[in-house]
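S.K.: My structure is below; once you've seen it, I'll send some questions.
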Amino acid sequence: MSVRLHSAAELSQMQDRLRVFAQYDADVHESADVVVVGSGPAGAVVAYELAAAGRDVILVEEGPPFIPSEFELEGGLSMARTMRESGLRMTAGSIMPTMQANCLGGGSLVNSAICVRPPAEVFEEWSDRFQLENTSREGLEPHYDVVGDFLGIAPTPDAVQGPRNLLFRDGCKKLGISSEPIARNVRGCRGSGECFTGCRNRAKQSMDISYIPEALHHGARVFTSVQVQQVRWDGRRVSGVEGQVVEPLTGRLSHRVRFDGRFVVLAAGCMATPVLLQRSGDLANRSGQVGENLQFHPGVAVAGVFPEAIDVQFGATQGYQSLEFLDRGFKLESLWAPPAVSAVRTPGFGHELLEHFAEIPRTAVWDAICSTHRSLGTVRARWGRSMDPALRWRLHPDDVPVLREALHAVARLFFAAGAERILPGVNSLPAVMDSEDQARALLSDRVQGRDVVTGGNHAFCTTRMHGDPEQGVVDELGRCHDMDNLYIADTGIFPRCPSVNPMYTAMVLARRQAHSLLERL
Amino acid sequence: MWDRKRGLPTPVGAERVGGRHAQFRVSGVIIPAVQLAFFVLAVVVALGARRFLRGYPRSSHDYQRLRPREIALLRAATDAMFPARGAIPVSGADVDAPRYVDTWFELLHPAKRFQIRLLLLFFEHATLFFWAPGAGGWRRFSALSLQQRIEVLRAWYASGWFVRRLVFTALRSVLGIAYLGHPATMRHLRVAPYAFDSPVLDPDVLYPPIGQGPDAIRYRPEDRTPPASGVPIDLSGPVHPDYEDSPL
């Protein structure tokens with residue numbers, strides 16, 4: 001499927017089905033067959049699939065739509081506009097930044113569009129451990145194919161890789177480890193490196209320019225700037241959701257909103273859906289698993305300084321990856337982020353700091369996302385009326401060796417690719433290392449969890465699926481064990497972290513769920 | 001000094017004397033305890049007010065969110081963090097960090113804004129606990145000499161105490177985004193965004209600017225253009241207009 005141009009008449013109808021903040025002048029009360037909460041990758045797919053099948057769908061999103069002229073090109077301001085809690089959300093316990101988008105399209109607007117199918121072993125493990133009989137890579141392949149076609153998911157072409165991604169490839173080659181161009185939901189990328197602040201090229205097929213317009217075309221109604229605060233329910237049945245209109249960027253609440261539906265699908269994200277359930281009288285929590293089991297892919301990054309300038313800004317934000325070490329618990333990626341965001345890892349102050357900054361034109365940053373299965377946390381509703389979560393997560397000491405090994409692998413990759421030196425960003429070690437020998441210290445016990453700057457990329461498992469209603473919140477089709485007509489469709493339903501970037505799998509599970517739901521409508 | 005019997009503190013330089021009510025002798029003058037307590041309290045409040053509130057210059061700029069003490073701290077810290085004549089010909093003083101932080105504050109979640117404010121306030125007065133070397137090292141951070149500020153930053157950066165390093169990292173992050181987000185710095189580092197026109201697609205005909213209604217949508221269906229070409233951007237082309245002209 002290519003980018004679709006609709007007729008003027010169609011666009012006019014689509015516009016009529018979209019509500020934005022300026023259009024709310026009174027309380028709202030509407031009903032539909034299905035109410036979907038959250039317009040990120042999973043929610044958008046569910047809304048589209050149901051609408052395309054002729055069902056009456058309401059899609060609710062707390063954030064506003066963004067257009068290219070409103071993208072902030074500078075990292076700090078961009079995060080403050082597009083992220084919940086201004087992009088400054090932290091976990092307690094082991095202190096780690098983590099993020100959740102607040103815009104139409106959710107995280108797809110500000111992520112780097114990575115789409116990876118997890119290896120079959122991941123699903124085998126899910127099936128074995130969590131009694132999921134019908135969740136296998138093979139069984140999900142048709143869904144992967146359809147979503148992939150819809151979004152134009154394809155490996156990043158060399159023409160827009162840019163030097164920092166190609167150096168990653170070269171390093172892998174020299175070390176004899178596998179690597180591949182990252183498959184992304186992108187059409188016509190020009191390599192502007194602006195995935196994290198919003199793609200001005202409109203090349204990234206984020207939900208706001210792909211699934212959501214198509215859902216509108218098929219009759220879905222989309223309400224932006226609505227904060228859902230509660231699920232309405234009685235016994236084993238939900239009857240809809242209610243909340244308030246919220247002003248974009250200020251968060252001021254105004255008119256009351258109520259959406260009634262025969263079915264409700266919560267896709268608010270794994271850090272928001274549990275809060276919504278807890279605020280709704282601890283709904284669907286007979287298992288006691290709502291808000292439990294919080295897992296992340298903690299990301300560790302190393303900066304490498306090359307002898308020559310490498311046009312750091314040019315190229316796909318993340319263009320190359322290596323799955324070589326998945327069985328060791330981490331995945332390697334090339335990375336680009338605005339210096340203002342990535343500089344938090346830069347050591348020093350004063351003249352030393354400026355010297356490091358001056359090397360930015362010849363510095364690449366590569367990272368590893370780690371599977372830390374023993375490190376768990378919780379999501380809780382805060383005191384008061386806030387819908388922001390209180391997050392607690394602790395890096396388990398047994399998972400620290402994974403971080404060490406990942407850091408060391410990235411360091412080796414840099415030296416193999418020709419870097420002069422690296423900045424490992426580990427507090428207990430020298431700020432700068434100029435040889436592979438020196439980098440071996442990254443494997444030592446001197447590197448403790450709190451010494452490593454981690455970022456909480458990708459969050460999971462807070463409403464996990466499990467075949468046993470006593471041990472999980474939803475079944476493998478996303479239906480809450482405790483409720484007849486309540487579904488959950490975000491990464492919270494993952495029973496364990498998937499070891500690779502989760503967006504593609506979240507969309508695929510959502511598609512499967514939508515088709516299962518269609519049979520009940 | 002704590003008078004256990006009466007439960008009243010005995011100020012330094014005073015001596016408790018007998019009588020129906022608690023009294024103290026200070027330099028030969030007998031003062032009732034209550035009056036002395038009020039006096040001591042007044043001195044403490046006055047000193048505190050002087051330290052926390054007075055002496056901050058009024059800014060000539062029109063800041064929406066920042067308070068004079070926060071502006072002073074940001075200027076003083078940026079100066080020391082990104083000194084002049086460094087490896088980048090843009091210094092902390094050049095980038096007007098308060099201007100950036102003021103804009104950022106406008107966008108910040110109220111709870112986060114409060115936390116950042118606490119961070120700035122704490123760092124400004126942490127010299128009460130961690131003195132800067134040299135005379136007057138207990139003064140607030142923004143009142144220290146440049147060399148003293150550098151030494152204070154060094155002590156926080158190299159502290160063996162995790163929490164101190166964390167506070168330093170938080171402050172450096174705030175200053176860092178202001179410094180690296182400035183157009184002059186980005187131009188110098190060759191990371192300023194490129195100038196190019198965005199294609200106009202269906203969503204651009206659907207979505208109005210934030211906070212506005214459909215009447216404000218800039219494009220009509222006939223304005224639509226072909227989607228992104230896949231042709232790499234021109235690296236020798238101009239930078240985005242917002243990053244083109246700045247004082248440096």
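Naming works like this for the structure tokens: A, B, ... for the chains as they're shown, residue 1 at the start of each chain, ligands 1 onward in shown order.
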What lies within 6 Å of region 141-150 of chain B using only C-alpha atoms, ignoring chain neighbours under 2 positions off, as a PyMOL selection string?

M.R.: chain B and resi 72-73+76+80+124+132+152-153

S.K.: List the spatial neighbours of region 158-170 of chain B as a compact mmCIF listing (two decimals) with C-alpha atoms, in the first residue's frame - criterion: any atom at most 10 Å away, only C-alpha atoms, same-chain residues fewer than 3 positions off excluded.

M.R.:
```txt
# COMPACT_ATOMS: atom_id res chain seq x y z
CA ILE A 95 16.92 6.36 38.87
CA VAL A 344 23.98 14.25 29.43
CA ARG A 345 26.49 11.42 29.04
CA THR A 346 29.40 13.72 28.21
CA PRO A 347 31.92 13.86 31.03
CA GLY A 348 33.48 16.90 32.65
CA PHE A 349 32.76 20.56 33.00
CA ASN A 427 31.23 6.96 36.41
CA ARG A 450 24.51 3.19 39.47
CA ASP A 451 27.72 4.00 37.59
CA ILE B 116 13.93 22.32 38.40
CA LEU B 119 17.36 22.28 41.90
CA LEU B 120 18.36 25.86 41.07
CA PHE B 122 19.38 24.25 46.16
CA PHE B 123 22.49 24.75 44.07
CA LEU B 153 31.51 22.83 40.18
CA ARG B 154 34.69 20.75 40.33
CA ALA B 155 33.85 19.60 43.86
CA SER B 173 21.93 18.84 31.79
CA VAL B 174 19.80 21.96 32.20
CA LEU B 175 22.72 24.22 31.28
CA GLY B 176 23.83 21.84 28.54
```

S.K.: Quick one: everything within 8 Å of Ile310 (chain A), counting only C-alpha atoms, minus sequence neighbours fewer than 6 positions away in the same chain. Send it as a CSV table (one decimal) with C-alpha atoms, in the first residue's frame.

M.R.:
```csv
chain,number,residue,atom,x,y,z
A,163,PRO,CA,28.7,7.9,7.7
A,164,ARG,CA,27.9,7.2,11.4
A,361,PRO,CA,31.3,16.7,14.5
A,362,ARG,CA,33.4,13.6,14.5
A,363,THR,CA,31.6,11.7,17.3
```

S.K.: Mind pulling up the distance from CA of Gln161 (chain A) to CA of Pro338 (chain A)?

M.R.: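 Interatomic distance, CA of Pro338 (chain A) to CA of Gln161 (chain A): 16.8 Å.
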
S.K.: Please identify all polymer residues within 9 Å of region 430-439 of chain A, counting only C-alpha atoms, omitting same-chain residues fewer than 6 positions from it, and present them as a PyMOL selection string.

M.R.: chain A and resi 346-348+407-408+411-412+415-416+419-424

S.K.: CA of Arg137 (chain A) to CA of Pro119 (chain A): how many Å, to one decimal?

M.R.: 7.3 Å

S.K.: Could you please write out, as a PyMOL selection string, every residue of region 293-420 of chain A that DSSP assigns to alpha helix (DSSP H)?

M.R.: chain A and resi 339-342+350-358+400-417

S.K.: What are the DSSP strand (DSSP E or B) residues of region 17-229 of chain B, as a PyMOL selection string?

M.R.: chain B and resi 17+23-26+29-32+194

S.K.: For Glu470 (chain A), list every protein, DNA or RNA residue within 12 Å, evaluated using only C-alpha atoms, and leave out those in the same chain fewer than 4 positions away; present the list as a list in words.

M.R.: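 Contacts, in chain order: Phe130, Gln131, Ala284, Asn285, Arg286, Ser287, Gly288, Gln289, Val290, Arg464, Met465, His466, Val474, Asp475, Cys480, His481 and Asp482 of chain A.
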
S.K.: Write to file, as an mmCIF file, in the first residue's frame, the residues of the selection just made, with C-alpha atoms.

M.R.:
```cif
data_model
loop_
_atom_site.group_PDB
_atom_site.id
_atom_site.type_symbol
_atom_site.label_atom_id
_atom_site.label_comp_id
_atom_site.auth_asym_id
_atom_site.auth_seq_id
_atom_site.Cartn_x
_atom_site.Cartn_y
_atom_site.Cartn_z
ATOM 1 C CA PHE A 130 2.937 -17.823 30.291
ATOM 2 C CA GLN A 131 0.637 -20.495 28.923
ATOM 3 C CA ALA A 284 -9.582 -6.043 36.153
ATOM 4 C CA ASN A 285 -7.123 -6.788 38.905
ATOM 5 C CA ARG A 286 -8.255 -10.026 40.487
ATOM 6 C CA SER A 287 -4.831 -11.401 39.650
ATOM 7 C CA GLY A 288 -3.079 -8.553 41.465
ATOM 8 C CA GLN A 289 -0.878 -8.101 38.395
ATOM 9 C CA VAL A 290 -2.088 -4.667 37.238
ATOM 10 C CA ARG A 464 0.701 -8.893 31.138
ATOM 11 C CA MET A 465 -1.012 -11.621 29.203
ATOM 12 C CA HIS A 466 -1.109 -15.036 30.744
ATOM 13 C CA VAL A 474 -5.385 -10.364 29.867
ATOM 14 C CA ASP A 475 -5.527 -13.474 27.726
ATOM 15 C CA CYS A 480 -9.162 -8.883 30.390
ATOM 16 C CA HIS A 481 -9.717 -12.104 32.270
ATOM 17 C CA ASP A 482 -12.009 -10.358 34.742
#
```

S.K.: Fewer than 5 positions away in the same chain doesn't count, so skip those; otherwise give me all residues within 10 Å of Gln212 (chain B), counting only C-alpha atoms, as a ChimeraX atom specification.

M.R.: /A:20-23 /B:207,217
